[in-house]
Structure formats: C-alpha cells, structure tokens
There are 2 protein chains.
Amino acid sequence: MTIKEVCERYHITPDTLRYYERVGAIPAVGRTEKGIRNYAEQDVGWVENAICMRNAGVPVEMVAEYVRLCRQGDETFSARRDLLRQVRGELQKQIEKCQKELERLEYKIERYEAAVETGKLIWNKSASCGADAPEQES
Amino acid sequence: MTIKEVCERYHITPDTLRYYERVGAIPAVGRTEKGIRNYAEQDVGWVENAICMRNAGVPVEMVAEYVRLCRQGDETFSARRDLLRQVRGELQKQIEKCQKELERLEYKIERYEAAVETGKLIWNKSASCGADAPEQES
DNA sequence: ACTTGACTTAGAGTTGACTCCAGCCTGTAT
DNA sequence: ATACAGGCTGGAGTCAACTCTAAGTCAAGT
C-alpha cells in the first residue's frame, strides 16, 4: 500500500504520516527497492493505532513511548498496561469534562432559543449547570 | 477578588488569566485605583465560562467571539445560539471519538492484564474494537 | 531605608503538532 | 525527450495557547 492510499483511508496527509514515522509514533515502514514506503497490513495497523490515540488526545510522544515498549518485547507487558491505564484515566477525565460542558451548553442553547423567540434572555439562577450566566448585560 | 484568588479557585496561572483578557476570551476586568485587577462576581463568571469552553476544546478565538457577541447586546441572540450549537456539535463528535478510543483501550488493557499473568499476549482477531492488535511482535 | 512580595505592562520565547519547501529521483504518458 | 505525477529527505516555517522576562509601581515588614 502506498503512502497515498493510507492517507486516503484515514484522511490524513503524507506529511503527517512521515512525521509520525520520524518521531516514532509508528515504527519504520517497509520500503520498495527504490526506497518508497510500502505499507504492509501491520504498518497500517500501527498507523490506525497512532490515529486512534491521537484522536483521544494522547500526545505524540506518548504514542511513541507505547510503540517503543511494544517493540521491546514481552518484558514490557506491565509497562504497556500501565501506560494504557494512564491514558484511560486521562481519557475518562476528559470525557467527564466534555459531558459537563455539554450539559452547560444545552442549557444555554435552550435559553437562547427562548430568547430568539421572546427577545428576552432569562437565566434561571438556580439551574444546576455549574456556571450561571456570566453574560448578563454589562 | 484578586487575580491570585481567582487563579487558586480555578487552578490556572495569572499569566493565563491576563492572556485571556488580552485576547478577549473574557472582557476587561475592573481595577482598583492603582490599576490592579479586582474581579467582581461577574468577572469571575466570565472566567468560569472561558475555562469551561476551553476545557471542552473550544479555541480561545471562538470564546472571544462569543464574548464579543454577548457584549453587543440583544441583536446577537441568534448568533450566539448558532455559535453554541456549533460548539455543541463539535463537542458531541469529540465525545464520540473519545468513547470509541476508551472501548479500544479497555480491550487492550484487558489483554495486557491477562498477558502480565500468563506471559503471553493473545489478541482476539474478531474483537469489535476497530483496530486489532497492530503490536503483534514484529 | 530597604528589601520582599504581589501586582502591572509590552513583548519575546516555548511547546506540540503539524505543514511546507527546495532539491532530488523515477516511472509513465504525450 | 520531455513534461508531469508522485515519492524521497532534511530542515525551516506556522499556529495556537500559553509561559516567561524585563522593567516598573506600590504596600507592608524589619
């Protein structure tokens, strides 16, 4: 598989893919005789892994650390487990934050929908949404 | 309320707070006679708003745009609603992504927990977790 | 009187993650 | 045979979001 095909499959640019390889977020990809990257299924798997982790906000350096551990063999099982547990913890925290903000947003959007109708913005002070209306007119 | 107190309350640095003010992610904060920032409840509300939005991954520039709209008055209700709807859409997409990755992670962690016990890493190829094991030993 | 500590500003520097560029090679189409 | 598409490398550039620095003001403590 060429770099272009992989890029199309995952909607990323060749530059990004080469960058991931350079910094170790994926291991070195196989080449043709003339030095052109030729992605085997395994390579594509690594690409997918990197993209998944990045999508979840894992820093590139941490993806690289995980790859490093994987390539070191069986002695690193527990280290990998620990790394993934840490990622999981951060991901859970992030999801929670996002969900809180989503609730806050839903509430605000509702108010604005009413405001667009009535021309008046009304904030229910006792609403259970963390921040209440900082945007009362100054 | 001093800048320090606000910082302690939200676990951010004074630099960040001043930066938010500079770029308009919060409106100009009230000052004492000698020019020192004195955060009123309203100001703190704006700070909270900025932090919530940033936590949800909203770019600073977009927070500033929202603040700008709020300060422009009642004609911007629908614009604000649209902006928040857009933020909501992106937030929902992000939560979905994160949840997918969380599932993938749970699966991997389970495998690693088993691997730490048994010394062997076994991937269930038909698992429903998107990417299957890119890290079979090379 | 003077040091310490908390604040101010304008502006420069850093970090992470790309993203682009120049200069090169190579296989195919006109 | 020559242009063009697509790949390669090393290194520079960009962007967002801070983060730090220098130089200054001011109040309280010794």
# chains A, B, ... in the order shown; residues from 1 in each chain; ligands from 1
$ calpha_fit_and_write --fixed "chain B" --moving "chain A" --output "CSV table (one decimal) with N, CA and C atoms, in the first residue's frame"
chain,number,residue,atom,x,y,z
A,1,MET,N,-12.2,40.8,44.3
A,1,MET,CA,-11.3,39.6,44.3
A,1,MET,C,-10.1,39.9,43.5
A,2,THR,N,-8.9,39.5,44.1
A,2,THR,CA,-7.7,39.8,43.4
A,2,THR,C,-7.4,38.7,42.4
A,3,ILE,N,-6.5,38.9,41.5
A,3,ILE,CA,-6.1,38.0,40.5
A,3,ILE,C,-5.7,36.7,41.1
A,4,LYS,N,-5.0,36.8,42.2
A,4,LYS,CA,-4.5,35.6,42.9
A,4,LYS,C,-5.6,34.7,43.4
A,5,GLU,N,-6.6,35.3,44.0
A,5,GLU,CA,-7.7,34.6,44.5
A,5,GLU,C,-8.5,33.8,43.4
A,6,VAL,N,-8.7,34.5,42.3
A,6,VAL,CA,-9.3,33.9,41.2
A,6,VAL,C,-8.5,32.7,40.7
A,7,CYS,N,-7.2,32.9,40.6
A,7,CYS,CA,-6.3,31.9,40.2
A,7,CYS,C,-6.4,30.6,41.1
A,8,GLU,N,-6.4,30.9,42.4
A,8,GLU,CA,-6.5,29.7,43.3
A,8,GLU,C,-7.8,29.0,43.1
A,9,ARG,N,-8.8,29.8,43.0
A,9,ARG,CA,-10.2,29.2,42.8
A,9,ARG,C,-10.3,28.3,41.6
A,10,TYR,N,-9.6,28.6,40.5
A,10,TYR,CA,-9.7,27.8,39.3
A,10,TYR,C,-8.4,27.1,38.9
A,11,HIS,N,-7.4,27.1,39.8
A,11,HIS,CA,-6.2,26.4,39.5
A,11,HIS,C,-5.6,26.8,38.1
A,12,ILE,N,-5.5,28.1,37.9
A,12,ILE,CA,-4.8,28.6,36.7
A,12,ILE,C,-3.8,29.7,37.2
A,13,THR,N,-2.9,30.1,36.3
A,13,THR,CA,-1.9,31.1,36.6
A,13,THR,C,-2.4,32.5,36.3
A,14,PRO,N,-1.9,33.5,37.0
A,14,PRO,CA,-2.2,34.9,36.6
A,14,PRO,C,-1.9,35.2,35.2
A,15,ASP,N,-0.8,34.7,34.7
A,15,ASP,CA,-0.4,34.9,33.3
A,15,ASP,C,-1.5,34.5,32.4
A,16,THR,N,-2.1,33.3,32.6
A,16,THR,CA,-3.2,32.8,31.8
A,16,THR,C,-4.4,33.7,31.8
A,17,LEU,N,-4.7,34.2,33.0
A,17,LEU,CA,-5.9,35.0,33.2
A,17,LEU,C,-5.7,36.4,32.4
A,18,ARG,N,-4.5,36.9,32.6
A,18,ARG,CA,-4.2,38.2,31.9
A,18,ARG,C,-4.2,37.9,30.3
A,19,TYR,N,-3.7,36.8,30.0
A,19,TYR,CA,-3.7,36.4,28.5
A,19,TYR,C,-5.2,36.3,28.0
A,20,TYR,N,-6.0,35.7,28.7
A,20,TYR,CA,-7.4,35.6,28.3
A,20,TYR,C,-8.0,37.0,28.1
A,21,GLU,N,-7.7,37.8,29.1
A,21,GLU,CA,-8.2,39.2,29.0
A,21,GLU,C,-7.7,39.9,27.7
A,22,ARG,N,-6.4,39.7,27.5
A,22,ARG,CA,-5.7,40.4,26.4
A,22,ARG,C,-6.4,40.0,25.1
A,23,VAL,N,-6.6,38.7,24.9
A,23,VAL,CA,-7.2,38.2,23.6
A,23,VAL,C,-8.7,38.3,23.6
A,24,GLY,N,-9.3,38.7,24.7
A,24,GLY,CA,-10.8,38.9,24.7
A,24,GLY,C,-11.6,37.7,25.0
A,25,ALA,N,-11.0,36.7,25.6
A,25,ALA,CA,-11.7,35.5,26.0
A,25,ALA,C,-12.5,35.8,27.3
A,26,ILE,N,-12.1,36.8,27.9
A,26,ILE,CA,-13.0,37.5,29.0
A,26,ILE,C,-12.9,39.0,28.7
A,27,PRO,N,-14.0,39.7,29.1
A,27,PRO,CA,-14.0,41.1,28.9
A,27,PRO,C,-13.0,41.8,29.9
A,28,ALA,N,-12.7,43.0,29.6
A,28,ALA,CA,-11.8,43.8,30.5
A,28,ALA,C,-12.3,43.7,31.9
A,29,VAL,N,-11.4,43.5,32.9
A,29,VAL,CA,-11.8,43.3,34.3
A,29,VAL,C,-11.7,44.7,34.9
A,30,GLY,N,-12.6,44.9,35.9
A,30,GLY,CA,-12.5,46.2,36.7
A,30,GLY,C,-11.2,46.4,37.4
A,31,ARG,N,-10.8,47.6,37.7
A,31,ARG,CA,-9.6,47.9,38.3
A,31,ARG,C,-9.8,48.8,39.6
A,32,THR,N,-8.8,48.7,40.5
A,32,THR,CA,-8.8,49.6,41.6
A,32,THR,C,-8.2,51.0,41.1
A,33,GLU,N,-8.2,52.0,42.0
A,33,GLU,CA,-7.7,53.3,41.6
A,33,GLU,C,-6.3,53.1,41.0
A,34,LYS,N,-5.5,52.3,41.6
A,34,LYS,CA,-4.1,52.2,41.1
A,34,LYS,C,-3.9,51.1,40.1
A,35,GLY,N,-5.0,50.8,39.4
A,35,GLY,CA,-4.8,50.0,38.2
A,35,GLY,C,-4.7,48.4,38.4
A,36,ILE,N,-5.0,48.0,39.6
A,36,ILE,CA,-4.9,46.6,39.9
A,36,ILE,C,-6.3,45.9,39.7
A,37,ARG,N,-6.2,44.8,39.0
A,37,ARG,CA,-7.5,44.0,38.6
A,37,ARG,C,-8.3,43.7,39.9
A,38,ASN,N,-9.5,43.9,39.8
A,38,ASN,CA,-10.4,43.6,41.0
A,38,ASN,C,-11.6,42.9,40.4
A,39,TYR,N,-11.6,41.6,40.5
A,39,TYR,CA,-12.7,40.8,39.9
A,39,TYR,C,-14.0,40.8,40.6
A,40,ALA,N,-15.0,41.4,40.0
A,40,ALA,CA,-16.3,41.3,40.6
A,40,ALA,C,-16.9,40.0,40.2
A,41,GLU,N,-18.1,39.6,40.8
A,41,GLU,CA,-18.8,38.4,40.6
A,41,GLU,C,-18.9,38.1,39.1
A,42,GLN,N,-19.3,39.2,38.4
A,42,GLN,CA,-19.5,39.1,37.0
A,42,GLN,C,-18.3,38.7,36.2
A,43,ASP,N,-17.2,39.3,36.6
A,43,ASP,CA,-15.9,39.0,36.0
A,43,ASP,C,-15.5,37.5,36.2
A,44,VAL,N,-15.8,37.1,37.5
A,44,VAL,CA,-15.5,35.7,37.8
A,44,VAL,C,-16.3,34.8,36.9
A,45,GLY,N,-17.6,35.2,36.7
A,45,GLY,CA,-18.5,34.4,35.9
A,45,GLY,C,-17.9,34.2,34.5
A,46,TRP,N,-17.4,35.3,33.9
A,46,TRP,CA,-16.7,35.2,32.6
A,46,TRP,C,-15.5,34.3,32.6
A,47,VAL,N,-14.8,34.4,33.7
A,47,VAL,CA,-13.6,33.6,33.8
A,47,VAL,C,-14.0,32.1,33.8
A,48,GLU,N,-15.1,31.8,34.6
A,48,GLU,CA,-15.6,30.4,34.6
A,48,GLU,C,-16.0,30.0,33.3
A,49,ASN,N,-16.7,30.9,32.6
A,49,ASN,CA,-17.2,30.5,31.2
A,49,ASN,C,-16.0,30.2,30.3
A,50,ALA,N,-15.0,31.0,30.3
A,50,ALA,CA,-13.8,30.8,29.5
A,50,ALA,C,-13.1,29.4,29.8
A,51,ILE,N,-13.0,29.2,31.1
A,51,ILE,CA,-12.4,27.9,31.5
A,51,ILE,C,-13.2,26.7,31.1
A,52,CYS,N,-14.5,26.8,31.3
A,52,CYS,CA,-15.4,25.7,30.9
A,52,CYS,C,-15.2,25.4,29.4
A,53,MET,N,-15.3,26.5,28.6
A,53,MET,CA,-15.2,26.3,27.1
A,53,MET,C,-13.8,25.7,26.8
A,54,ARG,N,-12.8,26.3,27.3
A,54,ARG,CA,-11.4,25.7,27.0
A,54,ARG,C,-11.3,24.3,27.5
A,55,ASN,N,-11.9,23.9,28.6
A,55,ASN,CA,-11.8,22.5,29.0
A,55,ASN,C,-12.5,21.6,28.0
A,56,ALA,N,-13.5,22.1,27.3
A,56,ALA,CA,-14.1,21.3,26.3
A,56,ALA,C,-13.4,21.4,25.0
A,57,GLY,N,-12.3,22.1,24.9
A,57,GLY,CA,-11.5,22.1,23.7
A,57,GLY,C,-11.9,23.2,22.7
A,58,VAL,N,-12.7,24.1,23.2
A,58,VAL,CA,-13.1,25.3,22.3
A,58,VAL,C,-11.9,26.2,22.2
A,59,PRO,N,-11.5,26.6,21.0
A,59,PRO,CA,-10.3,27.4,20.8
A,59,PRO,C,-10.6,28.8,21.5
A,60,VAL,N,-9.5,29.4,22.0
A,60,VAL,CA,-9.6,30.7,22.7
A,60,VAL,C,-10.3,31.7,21.8
A,61,GLU,N,-9.9,31.7,20.5
A,61,GLU,CA,-10.5,32.6,19.6
A,61,GLU,C,-12.0,32.5,19.5
A,62,MET,N,-12.5,31.3,19.6
A,62,MET,CA,-14.0,31.1,19.6
A,62,MET,C,-14.6,31.6,20.9
A,63,VAL,N,-14.0,31.4,22.0
A,63,VAL,CA,-14.5,31.9,23.2
A,63,VAL,C,-14.5,33.5,23.1
A,64,ALA,N,-13.5,34.1,22.5
A,64,ALA,CA,-13.5,35.5,22.4
A,64,ALA,C,-14.6,36.0,21.5
A,65,GLU,N,-14.9,35.2,20.4
A,65,GLU,CA,-16.0,35.5,19.5
A,65,GLU,C,-17.3,35.5,20.3
A,66,TYR,N,-17.5,34.5,21.1
A,66,TYR,CA,-18.7,34.4,21.9
A,66,TYR,C,-18.9,35.7,22.9
A,67,VAL,N,-17.8,36.0,23.5
A,67,VAL,CA,-17.8,37.2,24.4
A,67,VAL,C,-18.1,38.4,23.6
A,68,ARG,N,-17.5,38.6,22.4
A,68,ARG,CA,-17.8,39.7,21.6
A,68,ARG,C,-19.3,39.8,21.3
A,69,LEU,N,-19.9,38.7,20.9
A,69,LEU,CA,-21.3,38.7,20.6
A,69,LEU,C,-22.1,39.1,21.9
A,70,CYS,N,-21.8,38.5,23.0
A,70,CYS,CA,-22.5,38.8,24.2
A,70,CYS,C,-22.5,40.3,24.5
A,71,ARG,N,-21.4,40.9,24.3
A,71,ARG,CA,-21.2,42.3,24.6
A,71,ARG,C,-21.9,43.2,23.6
A,72,GLN,N,-22.3,42.6,22.5
A,72,GLN,CA,-23.0,43.4,21.4
A,72,GLN,C,-24.4,43.6,21.7
A,73,GLY,N,-25.0,42.9,22.6
A,73,GLY,CA,-26.4,43.1,22.9
A,73,GLY,C,-27.4,42.1,22.3
A,74,ASP,N,-28.7,42.5,22.4
A,74,ASP,CA,-29.8,41.6,22.1
A,74,ASP,C,-29.9,41.1,20.7
A,75,GLU,N,-29.3,41.9,19.7
A,75,GLU,CA,-29.4,41.5,18.3
A,75,GLU,C,-28.6,40.2,18.0
A,76,THR,N,-27.8,39.8,19.0
A,76,THR,CA,-26.9,38.7,18.6
A,76,THR,C,-27.3,37.3,19.3
A,77,PHE,N,-28.6,37.3,19.8
A,77,PHE,CA,-29.1,36.0,20.4
A,77,PHE,C,-28.9,34.9,19.4
A,78,SER,N,-29.3,35.0,18.2
A,78,SER,CA,-29.3,33.9,17.3
A,78,SER,C,-27.9,33.5,16.9
A,79,ALA,N,-27.1,34.6,16.8
A,79,ALA,CA,-25.7,34.3,16.5
A,79,ALA,C,-25.0,33.5,17.6
A,80,ARG,N,-25.3,33.9,18.8
A,80,ARG,CA,-24.8,33.1,20.0
A,80,ARG,C,-25.3,31.7,20.0
A,81,ARG,N,-26.6,31.6,19.8
A,81,ARG,CA,-27.2,30.3,19.7
A,81,ARG,C,-26.5,29.4,18.7
A,82,ASP,N,-26.2,30.0,17.5
A,82,ASP,CA,-25.6,29.2,16.5
A,82,ASP,C,-24.2,28.8,16.9
A,83,LEU,N,-23.4,29.8,17.5
A,83,LEU,CA,-22.1,29.5,17.9
A,83,LEU,C,-22.1,28.3,18.9
A,84,LEU,N,-23.0,28.4,19.9
A,84,LEU,CA,-23.0,27.4,20.9
A,84,LEU,C,-23.5,26.0,20.3
A,85,ARG,N,-24.4,26.1,19.3
A,85,ARG,CA,-24.8,24.8,18.7
A,85,ARG,C,-23.6,24.2,18.0
A,86,GLN,N,-22.8,25.0,17.3
A,86,GLN,CA,-21.6,24.5,16.6
A,86,GLN,C,-20.6,23.9,17.6
A,87,VAL,N,-20.4,24.6,18.7
A,87,VAL,CA,-19.6,24.0,19.8
A,87,VAL,C,-20.1,22.7,20.3
A,88,ARG,N,-21.4,22.7,20.5
A,88,ARG,CA,-22.0,21.4,20.9
A,88,ARG,C,-21.8,20.3,20.0
A,89,GLY,N,-21.9,20.6,18.7
A,89,GLY,CA,-21.7,19.5,17.7
A,89,GLY,C,-20.3,19.0,17.7
A,90,GLU,N,-19.4,19.9,17.8
A,90,GLU,CA,-18.0,19.4,17.9
A,90,GLU,C,-17.7,18.6,19.2
A,91,LEU,N,-18.3,19.1,20.2
A,91,LEU,CA,-18.1,18.5,21.5
A,91,LEU,C,-18.7,17.0,21.5
A,92,GLN,N,-19.8,16.9,20.9
A,92,GLN,CA,-20.5,15.6,20.8
A,92,GLN,C,-19.6,14.6,20.0
A,93,LYS,N,-19.0,15.2,18.9
A,93,LYS,CA,-18.2,14.3,18.0
A,93,LYS,C,-16.9,13.9,18.9
A,94,GLN,N,-16.4,14.8,19.6
A,94,GLN,CA,-15.2,14.5,20.4
A,94,GLN,C,-15.5,13.5,21.4
A,95,ILE,N,-16.6,13.6,22.1
A,95,ILE,CA,-17.0,12.7,23.1
A,95,ILE,C,-17.1,11.3,22.5
A,96,GLU,N,-17.7,11.2,21.3
A,96,GLU,CA,-17.9,9.9,20.7
A,96,GLU,C,-16.5,9.3,20.4
A,97,LYS,N,-15.6,10.1,19.8
A,97,LYS,CA,-14.3,9.7,19.5
A,97,LYS,C,-13.6,9.1,20.8
A,98,CYS,N,-13.7,9.9,21.8
A,98,CYS,CA,-13.1,9.5,23.1
A,98,CYS,C,-13.7,8.2,23.6
A,99,GLN,N,-15.0,8.0,23.5
A,99,GLN,CA,-15.6,6.8,24.0
A,99,GLN,C,-15.2,5.6,23.2
A,100,LYS,N,-15.0,5.8,21.9
A,100,LYS,CA,-14.6,4.7,21.0
A,100,LYS,C,-13.2,4.3,21.4
A,101,GLU,N,-12.3,5.3,21.6
A,101,GLU,CA,-11.0,5.0,22.1
A,101,GLU,C,-11.0,4.3,23.4
A,102,LEU,N,-11.9,4.7,24.3
A,102,LEU,CA,-11.9,4.1,25.6
A,102,LEU,C,-12.2,2.6,25.5
A,103,GLU,N,-13.2,2.3,24.7
A,103,GLU,CA,-13.5,0.9,24.4
A,103,GLU,C,-12.3,0.1,24.0
A,104,ARG,N,-11.7,0.6,23.0
A,104,ARG,CA,-10.5,0.0,22.4
A,104,ARG,C,-9.4,-0.2,23.5
A,105,LEU,N,-9.3,0.8,24.3
A,105,LEU,CA,-8.3,0.7,25.4
A,105,LEU,C,-8.7,-0.4,26.4
A,106,GLU,N,-10.0,-0.4,26.8
A,106,GLU,CA,-10.4,-1.4,27.8
A,106,GLU,C,-10.0,-2.8,27.3
A,107,TYR,N,-10.3,-3.0,26.0
A,107,TYR,CA,-10.0,-4.3,25.4
A,107,TYR,C,-8.5,-4.6,25.5
A,108,LYS,N,-7.7,-3.6,25.1
A,108,LYS,CA,-6.3,-3.8,25.1
A,108,LYS,C,-5.7,-4.1,26.5
A,109,ILE,N,-6.3,-3.3,27.4
A,109,ILE,CA,-5.8,-3.4,28.8
A,109,ILE,C,-6.1,-4.8,29.3
A,110,GLU,N,-7.3,-5.3,29.0
A,110,GLU,CA,-7.7,-6.7,29.4
A,110,GLU,C,-6.7,-7.7,28.9
A,111,ARG,N,-6.3,-7.6,27.6
A,111,ARG,CA,-5.4,-8.5,26.9
A,111,ARG,C,-4.1,-8.4,27.7
A,112,TYR,N,-3.6,-7.2,28.0
A,112,TYR,CA,-2.3,-7.1,28.6
A,112,TYR,C,-2.4,-7.6,30.1
A,113,GLU,N,-3.5,-7.5,30.7
A,113,GLU,CA,-3.6,-8.0,32.1
A,113,GLU,C,-3.5,-9.5,32.0
A,114,ALA,N,-4.1,-10.1,31.0
A,114,ALA,CA,-4.0,-11.6,30.8
A,114,ALA,C,-2.6,-11.9,30.5
A,115,ALA,N,-1.9,-11.1,29.6
A,115,ALA,CA,-0.6,-11.4,29.2
A,115,ALA,C,0.4,-11.3,30.3
A,116,VAL,N,0.2,-10.4,31.2
A,116,VAL,CA,1.1,-10.2,32.4
A,116,VAL,C,1.0,-11.5,33.2
A,117,GLU,N,-0.2,-12.1,33.3
A,117,GLU,CA,-0.4,-13.4,34.0
A,117,GLU,C,0.3,-14.5,33.3
A,118,THR,N,-0.1,-14.7,32.0
A,118,THR,CA,0.3,-15.9,31.3
A,118,THR,C,1.6,-15.8,30.6
A,119,GLY,N,2.1,-14.6,30.4
A,119,GLY,CA,3.3,-14.4,29.6
A,119,GLY,C,3.1,-14.4,28.1
A,120,LYS,N,1.8,-14.6,27.7
A,120,LYS,CA,1.5,-14.6,26.3
A,120,LYS,C,0.4,-13.6,25.9
A,121,LEU,N,0.7,-12.9,24.9
A,121,LEU,CA,-0.3,-11.9,24.4
A,121,LEU,C,-1.2,-12.4,23.3
A,122,ILE,N,-2.5,-12.5,23.6
A,122,ILE,CA,-3.4,-13.1,22.6
A,122,ILE,C,-4.4,-12.1,22.2
A,123,TRP,N,-4.6,-12.0,20.9
A,123,TRP,CA,-5.5,-11.0,20.3
A,123,TRP,C,-6.7,-11.8,19.7
A,124,ASN,N,-7.8,-11.4,20.1
A,124,ASN,CA,-9.0,-12.0,19.5
A,124,ASN,C,-9.4,-11.2,18.2
A,125,LYS,N,-9.0,-11.8,17.1
A,125,LYS,CA,-9.1,-11.1,15.8
A,125,LYS,C,-10.5,-10.6,15.5
A,126,SER,N,-11.5,-11.3,16.0
A,126,SER,CA,-12.9,-10.9,15.6
A,126,SER,C,-13.5,-9.9,16.6
A,127,ALA,N,-12.6,-9.4,17.5
A,127,ALA,CA,-13.1,-8.4,18.5
A,127,ALA,C,-13.7,-7.2,17.8
A,128,SER,N,-14.7,-6.6,18.4
A,128,SER,CA,-15.4,-5.5,17.8
A,128,SER,C,-14.8,-4.2,18.2
A,129,CYS,N,-13.5,-4.1,18.2
A,129,CYS,CA,-12.9,-2.9,18.7
A,129,CYS,C,-12.2,-2.1,17.6
A,130,GLY,N,-12.7,-2.1,16.4
A,130,GLY,CA,-12.1,-1.2,15.4
A,130,GLY,C,-10.7,-1.8,15.0
A,131,ALA,N,-9.7,-1.3,15.6
A,131,ALA,CA,-8.3,-1.7,15.2
A,131,ALA,C,-8.1,-3.0,16.0
A,132,ASP,N,-7.7,-4.1,15.3
A,132,ASP,CA,-7.2,-5.2,16.0
A,132,ASP,C,-5.6,-5.1,16.0
A,133,ALA,N,-5.1,-5.5,17.1
A,133,ALA,CA,-3.7,-5.6,17.4
A,133,ALA,C,-2.7,-5.3,16.3
A,134,PRO,N,-2.3,-4.0,16.2
A,134,PRO,CA,-1.2,-3.8,15.3
A,134,PRO,C,0.1,-4.2,15.9
A,135,GLU,N,0.1,-4.5,17.2
A,135,GLU,CA,1.4,-4.8,17.8
A,135,GLU,C,1.7,-6.3,18.0
A,136,GLN,N,1.2,-7.1,17.0
A,136,GLN,CA,1.8,-8.4,17.0
A,136,GLN,C,3.3,-8.3,16.8
A,137,GLU,N,4.0,-9.1,17.4
A,137,GLU,CA,5.5,-9.0,17.3
A,137,GLU,C,5.9,-8.9,15.8
A,138,SER,N,6.8,-8.0,15.6
A,138,SER,CA,7.3,-7.7,14.2
A,138,SER,C,8.0,-8.9,13.6
$ residues_around --residues "DC20 in chain D" --least-positions-apart "4" --cutoff "9 Å" --atoms "only C-alpha atoms (C1' of nucleotides)" --output "PyMOL selection string"
chain C and resi 12-14
$ interface_residues --of "chain C" --to "chain A" --cutoff "9 Å" --atoms "only C-alpha atoms (C1' of nucleotides)" --output "list in words"
DG16, DA17, DC18, DT19 and DT26 of chain C
$ residues_around --residues "DA3 in chain D" --least-positions-apart "4" --cutoff "12 Å" --atoms "only C-alpha atoms (C1' of nucleotides)" --output "JSON, numbers by chain"
{"C": [28, 29, 30]}
$ closest_residue --among "D:DC18, D:DG6, D:DA1, D:DG11" --to "chain B" --atoms "only C-alpha atoms (C1' of nucleotides)"
D:DC18
$ interface_residues --of "chain D" --to "chain A" --cutoff "12 Å" --atoms "only C-alpha atoms (C1' of nucleotides)" --output "list in words"
DG6, DG7, DC8, DT9 and DG10 of chain D
$ write_last_selection --atoms "N, CA and C atoms (P, O5', C5', C4', C3', O3' and C1' of nucleotides)" --output "CSV table (one decimal), in the first residue's frame"
chain,number,residue,atom,x,y,z
D,6,DG,P,-0.5,12.2,-8.7
D,6,DG,O5',0.7,11.6,-8.0
D,6,DG,C5',1.0,10.2,-8.1
D,6,DG,C4',2.3,9.9,-7.4
D,6,DG,C3',2.3,10.3,-5.9
D,6,DG,O3',2.5,9.2,-5.1
D,6,DG,C1',4.3,11.0,-7.1
D,7,DG,P,2.4,9.3,-3.6
D,7,DG,O5',3.9,9.2,-3.2
D,7,DG,C5',4.6,8.0,-3.5
D,7,DG,C4',6.1,8.2,-3.4
D,7,DG,C3',6.6,8.7,-2.1
D,7,DG,O3',7.0,7.7,-1.2
D,7,DG,C1',7.8,9.7,-4.0
D,8,DC,P,7.6,8.1,0.2
D,8,DC,O5',9.0,8.8,-0.1
D,8,DC,C5',10.1,7.9,-0.3
D,8,DC,C4',11.4,8.7,-0.4
D,8,DC,C3',11.6,9.5,0.9
D,8,DC,O3',12.3,8.8,1.8
D,8,DC,C1',12.0,10.9,-1.0
D,9,DT,P,12.4,9.4,3.3
D,9,DT,O5',13.5,10.5,3.2
D,9,DT,C5',14.8,10.3,2.8
D,9,DT,C4',15.6,11.5,2.9
D,9,DT,C3',15.6,12.2,4.2
D,9,DT,O3',16.9,12.2,4.8
D,9,DT,C1',15.0,13.8,2.6
D,10,DG,P,17.1,12.5,6.3
D,10,DG,O5',17.5,14.0,6.4
D,10,DG,C5',18.4,14.6,5.4
D,10,DG,C4',18.3,16.1,5.5
D,10,DG,C3',18.3,16.6,7.0
D,10,DG,O3',19.2,17.7,7.1
D,10,DG,C1',16.4,17.4,5.8
$ residues_around --residues "DT30 in chain D" --least-positions-apart "3" --cutoff "12 Å" --atoms "only C-alpha atoms (C1' of nucleotides)" --output "list in words"
DA1, DC2, DT3 and DT4 of chain C
$ atom_distance --atom1 "C1' of DG11 in chain C" --atom2 "C1' of DT14 in chain D"
19.3 Å
